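Have a look at the structure below before the remarks.
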Amino acid sequence: NSGPQSLTIISTAVTITHSHSLSLTRGPPHDYITMKFLSILLSSLLIAASCVAAADSADGNEDNDTYQPLKVVFAGFGRTGSHSIAAGLDRLGYKSIHGSEIVPNILGSHSKMADYMIAGDVHGLLNETARMGYNATMDCHAVYWGNMWEMHKGNNDVKFIFTKRSFEPWFNSIASVRWTLMPITRYPWRFVAWADKVYRFSVSISGYNWFNGNVNATIGKELVVNTSGELSRKIHQYAYQQYFVKVDKILKEYPKQAIMFEIREGHGYRELCELVEIPLEDCPVDEPFPHVGSSTQMIRVGFFLRFVEIMMYLIPMIVVGLIYRRVGGAKKKQKSE
């Protein structure tokens, strides 16, 4: 999996730069910033900027022929427990696909999947998902839950999991996650292939309207770039309200095919097993249900992306300044001679 590889590359790059900077600062003050240090720092940042693409290239051409039909659809909003539910389903023997796996591999193994999402092609997306061996879809796929419901309504072989969370904490959590990715909406990050595709991916899934199945790029950009704005809040409130109107009707008419799963109310393996029809004696009801997907790590990533963004501007300016200083010094030396 290239996700851990990418994080390893980032950590290594930052560690090398930090350790070299410490060694330089032990010398005289004029040695603090040298061309050698700048070259190492620039190389480290370029590695970090392209780490995902580099890690993906190793497995981007692999072809998994293990086709898996769709069995479980997470049909809730992001930041309502999708990561924990994915871990729970994996424990029950399913293979779930979460956004945390798509984004790091968006130029490699999951490139086609992302392309279908960017195009708003639900049928192509589901075919690619099944081809890759996933049978449980999570947060990013949940954008298209309305389409998937129309495809599988009344089919008890495909189960739907809806979730609930109070609007204010949910909206604030969504805003904090989108804040993390804010640097990739701007240049110079957009010059990096991985960042540009993640941006287009985010705009598409944010602007997808499950009421009519269309992608509104203008709305998508507004939600990604100005997440905490008043328009963004109104759009989220409207989607939130309409979601529960439709979900309540589905839960009443199709109680065997769909559930409202509430982790904060103590729901866990028992409720999941009842939905997917796993006998109670085979269900790990005595195990604590996973609680993963904290926003703390995302916030750390956000700070790192902003650090790299600053360095992308700062390093060229320092390099130009040093070159100008050396050229100017050489000219002065020639005149004095």
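Ligands are numbered from 1 in the order shown, chains are lettered A, B, ... in the order of the structure tokens, and residues start at 1 in each chain.
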
Residues of region 85-132 of chain A that approach region 158-176 of chain A to 12 Å or less, counting only C-alpha atoms: could you list each one with the shortest pair of atoms and its distance in Å to one decimal, rows by chain and increasing residue number, as CSV?
```
residue,atom,partner,partner_atom,distance
A:Ile85,CA,A:Ile161,CA,9.2
A:Ala86,CA,A:Ile161,CA,11.0
A:Leu89,CA,A:Ile161,CA,11.1
```

| task | Enumerate, as a list in words, the complete set of residues in region 126-302 of chain A that a backbone-based DSSP assignment places in strand (DSSP E). | result | Ala136, Thr137, Lys159, Phe160, Ile161, Phe162, Thr163, Tyr208, Asn209, Asn214, Val215, Ala258, Ile259, Met260 and Phe261 of chain A

Go ahead and save the picked residues with all heavy atoms, as a short mmCIF file (atom, residue, chain, number, x, y, z; two decimals), in the first residue's frame.
```cif
data_model
loop_
_atom_site.label_atom_id
_atom_site.label_comp_id
_atom_site.auth_asym_id
_atom_site.auth_seq_id
_atom_site.Cartn_x
_atom_site.Cartn_y
_atom_site.Cartn_z
N ALA A 136 -17.72 -3.05 -0.07
CA ALA A 136 -18.35 -2.13 0.87
C ALA A 136 -17.82 -0.73 0.61
O ALA A 136 -16.61 -0.50 0.69
CB ALA A 136 -18.07 -2.55 2.32
N THR A 137 -18.69 0.21 0.27
CA THR A 137 -18.25 1.56 -0.07
C THR A 137 -18.49 2.50 1.10
O THR A 137 -19.47 2.37 1.83
CB THR A 137 -19.00 2.07 -1.31
OG1 THR A 137 -20.42 2.10 -1.05
CG2 THR A 137 -18.73 1.17 -2.51
N LYS A 159 -26.99 -3.85 1.34
CA LYS A 159 -27.45 -3.17 2.54
C LYS A 159 -26.96 -1.72 2.58
O LYS A 159 -25.87 -1.41 2.09
CB LYS A 159 -26.93 -3.91 3.78
CG LYS A 159 -27.25 -5.40 3.81
CD LYS A 159 -28.75 -5.67 3.90
CE LYS A 159 -29.00 -7.17 4.08
NZ LYS A 159 -30.44 -7.48 4.22
N PHE A 160 -27.77 -0.85 3.19
CA PHE A 160 -27.44 0.57 3.28
C PHE A 160 -27.34 0.98 4.75
O PHE A 160 -28.19 0.65 5.57
CB PHE A 160 -28.51 1.41 2.59
CG PHE A 160 -28.37 1.42 1.09
CD1 PHE A 160 -28.71 0.29 0.34
CD2 PHE A 160 -27.90 2.54 0.42
CE1 PHE A 160 -28.57 0.28 -1.04
CE2 PHE A 160 -27.76 2.54 -0.96
CZ PHE A 160 -28.09 1.41 -1.69
N ILE A 161 -26.27 1.72 5.06
CA ILE A 161 -26.03 2.22 6.41
C ILE A 161 -26.12 3.73 6.41
O ILE A 161 -25.30 4.42 5.79
CB ILE A 161 -24.65 1.79 6.93
CG1 ILE A 161 -24.53 0.26 6.95
CG2 ILE A 161 -24.39 2.37 8.32
CD1 ILE A 161 -23.14 -0.24 7.32
N PHE A 162 -27.12 4.26 7.08
CA PHE A 162 -27.28 5.71 7.24
C PHE A 162 -26.75 6.11 8.62
O PHE A 162 -26.71 5.29 9.54
CB PHE A 162 -28.75 6.11 7.08
CG PHE A 162 -29.31 5.81 5.73
CD1 PHE A 162 -30.13 4.70 5.53
CD2 PHE A 162 -29.02 6.62 4.65
CE1 PHE A 162 -30.65 4.41 4.27
CE2 PHE A 162 -29.53 6.35 3.38
CZ PHE A 162 -30.36 5.23 3.20
N THR A 163 -26.33 7.35 8.75
CA THR A 163 -25.76 7.82 10.01
C THR A 163 -26.35 9.18 10.38
O THR A 163 -26.90 9.89 9.53
CB THR A 163 -24.23 7.95 9.93
OG1 THR A 163 -23.88 8.76 8.80
CG2 THR A 163 -23.58 6.58 9.78
N TYR A 208 -21.29 17.42 -6.23
CA TYR A 208 -22.24 16.44 -6.78
C TYR A 208 -23.58 16.56 -6.05
O TYR A 208 -23.65 16.56 -4.82
CB TYR A 208 -21.71 15.02 -6.64
CG TYR A 208 -22.55 14.01 -7.38
CD1 TYR A 208 -22.38 13.80 -8.74
CD2 TYR A 208 -23.53 13.28 -6.72
CE1 TYR A 208 -23.16 12.88 -9.43
CE2 TYR A 208 -24.31 12.36 -7.40
CZ TYR A 208 -24.12 12.17 -8.75
OH TYR A 208 -24.91 11.27 -9.43
N ASN A 209 -24.64 16.66 -6.81
CA ASN A 209 -25.98 16.80 -6.24
C ASN A 209 -26.71 15.47 -6.38
O ASN A 209 -27.11 15.08 -7.47
CB ASN A 209 -26.74 17.91 -6.99
CG ASN A 209 -28.08 18.23 -6.35
OD1 ASN A 209 -28.67 17.40 -5.68
ND2 ASN A 209 -28.54 19.45 -6.57
N ASN A 214 -26.22 15.46 -10.90
CA ASN A 214 -25.33 16.33 -11.68
C ASN A 214 -24.21 16.90 -10.83
O ASN A 214 -24.35 17.04 -9.61
CB ASN A 214 -26.13 17.50 -12.29
CG ASN A 214 -27.14 17.02 -13.31
OD1 ASN A 214 -26.90 16.06 -14.03
ND2 ASN A 214 -28.28 17.69 -13.37
N VAL A 215 -23.10 17.23 -11.50
CA VAL A 215 -21.98 17.88 -10.82
C VAL A 215 -22.05 19.37 -11.09
O VAL A 215 -22.07 19.81 -12.23
CB VAL A 215 -20.62 17.33 -11.32
CG1 VAL A 215 -19.48 18.10 -10.67
CG2 VAL A 215 -20.50 15.85 -11.00
N ALA A 258 -31.96 -1.41 5.29
CA ALA A 258 -31.26 -0.19 5.73
C ALA A 258 -31.43 0.02 7.22
O ALA A 258 -32.45 -0.36 7.81
CB ALA A 258 -31.79 1.02 4.96
N ILE A 259 -30.41 0.63 7.83
CA ILE A 259 -30.48 0.98 9.25
C ILE A 259 -29.92 2.38 9.47
O ILE A 259 -29.16 2.89 8.64
CB ILE A 259 -29.70 0.00 10.16
CG1 ILE A 259 -28.21 0.01 9.80
CG2 ILE A 259 -30.29 -1.39 10.09
CD1 ILE A 259 -27.34 -0.71 10.83
N MET A 260 -30.29 2.97 10.59
CA MET A 260 -29.66 4.19 11.06
C MET A 260 -28.65 3.77 12.11
O MET A 260 -29.00 3.28 13.19
CB MET A 260 -30.69 5.15 11.67
CG MET A 260 -30.09 6.43 12.22
SD MET A 260 -29.29 7.45 10.95
CE MET A 260 -30.72 8.05 10.04
N PHE A 261 -27.37 3.90 11.79
CA PHE A 261 -26.30 3.45 12.66
C PHE A 261 -25.74 4.66 13.41
O PHE A 261 -25.22 5.59 12.80
CB PHE A 261 -25.20 2.78 11.82
CG PHE A 261 -24.19 2.03 12.63
CD1 PHE A 261 -24.40 0.70 12.97
CD2 PHE A 261 -23.01 2.64 13.05
CE1 PHE A 261 -23.46 -0.01 13.71
CE2 PHE A 261 -22.08 1.94 13.79
CZ PHE A 261 -22.29 0.61 14.13
#
```

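Taking CA of Ser202 (chain A) as the reference point, CA of Leu314 (chain A) is found at 27.3 Å.
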
| Polymer residues at most 7 Å from region 113-119 of chain A, only C-alpha atoms, same-chain spacing of 4 or more positions, as a PyMOL selection string | chain A and resi 106+124-125+128-129+200-201+204-205

Filtering to all heavy atoms, could you give me those residues as an mmCIF file, in the first residue's frame?
```cif
data_model
loop_
_atom_site.group_PDB
_atom_site.id
_atom_site.type_symbol
_atom_site.label_atom_id
_atom_site.label_comp_id
_atom_site.auth_asym_id
_atom_site.auth_seq_id
_atom_site.Cartn_x
_atom_site.Cartn_y
_atom_site.Cartn_z
ATOM 1 N N ILE A 106 -4.198 8.373 -5.556
ATOM 2 C CA ILE A 106 -5.050 8.942 -6.593
ATOM 3 C C ILE A 106 -4.368 9.008 -7.963
ATOM 4 O O ILE A 106 -5.046 9.147 -8.989
ATOM 5 C CB ILE A 106 -5.529 10.341 -6.163
ATOM 6 C CG1 ILE A 106 -6.810 10.725 -6.910
ATOM 7 C CG2 ILE A 106 -4.435 11.392 -6.354
ATOM 8 C CD1 ILE A 106 -7.531 11.904 -6.313
ATOM 9 N N GLY A 124 -19.627 3.747 -13.947
ATOM 10 C CA GLY A 124 -18.211 3.440 -14.138
ATOM 11 C C GLY A 124 -17.499 3.284 -12.812
ATOM 12 O O GLY A 124 -16.648 2.397 -12.643
ATOM 13 N N LEU A 125 -17.853 4.143 -11.840
ATOM 14 C CA LEU A 125 -17.240 4.078 -10.513
ATOM 15 C C LEU A 125 -17.533 2.738 -9.838
ATOM 16 O O LEU A 125 -16.633 2.098 -9.288
ATOM 17 C CB LEU A 125 -17.770 5.225 -9.650
ATOM 18 C CG LEU A 125 -17.419 5.173 -8.163
ATOM 19 C CD1 LEU A 125 -15.919 5.269 -7.966
ATOM 20 C CD2 LEU A 125 -18.143 6.288 -7.408
ATOM 21 N N GLU A 128 -15.632 -0.125 -11.468
ATOM 22 C CA GLU A 128 -14.212 -0.099 -11.098
ATOM 23 C C GLU A 128 -14.023 -0.549 -9.652
ATOM 24 O O GLU A 128 -13.072 -1.274 -9.334
ATOM 25 C CB GLU A 128 -13.643 1.306 -11.292
ATOM 26 C CG GLU A 128 -12.187 1.482 -10.896
ATOM 27 C CD GLU A 128 -11.232 0.694 -11.781
ATOM 28 O OE1 GLU A 128 -11.658 0.174 -12.838
ATOM 29 O OE2 GLU A 128 -10.049 0.594 -11.409
ATOM 30 N N THR A 129 -14.935 -0.127 -8.776
ATOM 31 C CA THR A 129 -14.868 -0.523 -7.366
ATOM 32 C C THR A 129 -14.976 -2.040 -7.225
ATOM 33 O O THR A 129 -14.205 -2.667 -6.491
ATOM 34 C CB THR A 129 -15.986 0.151 -6.575
ATOM 35 O OG1 THR A 129 -15.863 1.586 -6.702
ATOM 36 C CG2 THR A 129 -15.925 -0.214 -5.100
ATOM 37 N N ARG A 200 -9.257 18.635 -7.990
ATOM 38 C CA ARG A 200 -10.364 18.389 -8.921
ATOM 39 C C ARG A 200 -11.302 17.309 -8.389
ATOM 40 O O ARG A 200 -12.529 17.388 -8.554
ATOM 41 C CB ARG A 200 -9.806 17.994 -10.292
ATOM 42 C CG ARG A 200 -9.098 19.138 -11.006
ATOM 43 C CD ARG A 200 -8.639 18.778 -12.404
ATOM 44 N NE ARG A 200 -7.521 17.852 -12.415
ATOM 45 C CZ ARG A 200 -7.574 16.612 -12.848
ATOM 46 N NH1 ARG A 200 -8.734 16.112 -13.313
ATOM 47 N NH2 ARG A 200 -6.508 15.841 -12.845
ATOM 48 N N PHE A 201 -10.741 16.323 -7.729
ATOM 49 C CA PHE A 201 -11.516 15.257 -7.094
ATOM 50 C C PHE A 201 -12.426 15.838 -6.011
ATOM 51 O O PHE A 201 -13.622 15.522 -5.939
ATOM 52 C CB PHE A 201 -10.528 14.234 -6.516
ATOM 53 C CG PHE A 201 -11.132 13.166 -5.663
ATOM 54 C CD1 PHE A 201 -11.724 12.050 -6.226
ATOM 55 C CD2 PHE A 201 -11.068 13.247 -4.278
ATOM 56 C CE1 PHE A 201 -12.257 11.048 -5.432
ATOM 57 C CE2 PHE A 201 -11.590 12.260 -3.476
ATOM 58 C CZ PHE A 201 -12.184 11.155 -4.052
ATOM 59 N N SER A 204 -15.306 17.945 -7.426
ATOM 60 C CA SER A 204 -16.346 17.135 -8.061
ATOM 61 C C SER A 204 -17.265 16.485 -7.034
ATOM 62 O O SER A 204 -18.491 16.592 -7.137
ATOM 63 C CB SER A 204 -15.709 16.057 -8.944
ATOM 64 O OG SER A 204 -16.703 15.279 -9.577
ATOM 65 N N ILE A 205 -16.690 15.820 -6.026
ATOM 66 C CA ILE A 205 -17.545 15.132 -5.062
ATOM 67 C C ILE A 205 -18.264 16.127 -4.148
ATOM 68 O O ILE A 205 -19.358 15.839 -3.656
ATOM 69 C CB ILE A 205 -16.766 14.100 -4.233
ATOM 70 C CG1 ILE A 205 -15.689 14.762 -3.375
ATOM 71 C CG2 ILE A 205 -16.166 13.032 -5.126
ATOM 72 C CD1 ILE A 205 -14.982 13.779 -2.450
#
```

| request: Mind giving me the straight-line distance from CA of Gly146 (chain A) to CA of Tyr269 (chain A) in Å, one decimal? | output: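 Taking CA of Gly146 (chain A) and CA of Tyr269 (chain A), their separation equals 25.3 Å.
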
| message | As an exercise, work out the distance from CA of Phe303 (chain A) to CA of Pro104 (chain A) in Å and give it to one decimal place. | response | 17.2 Å
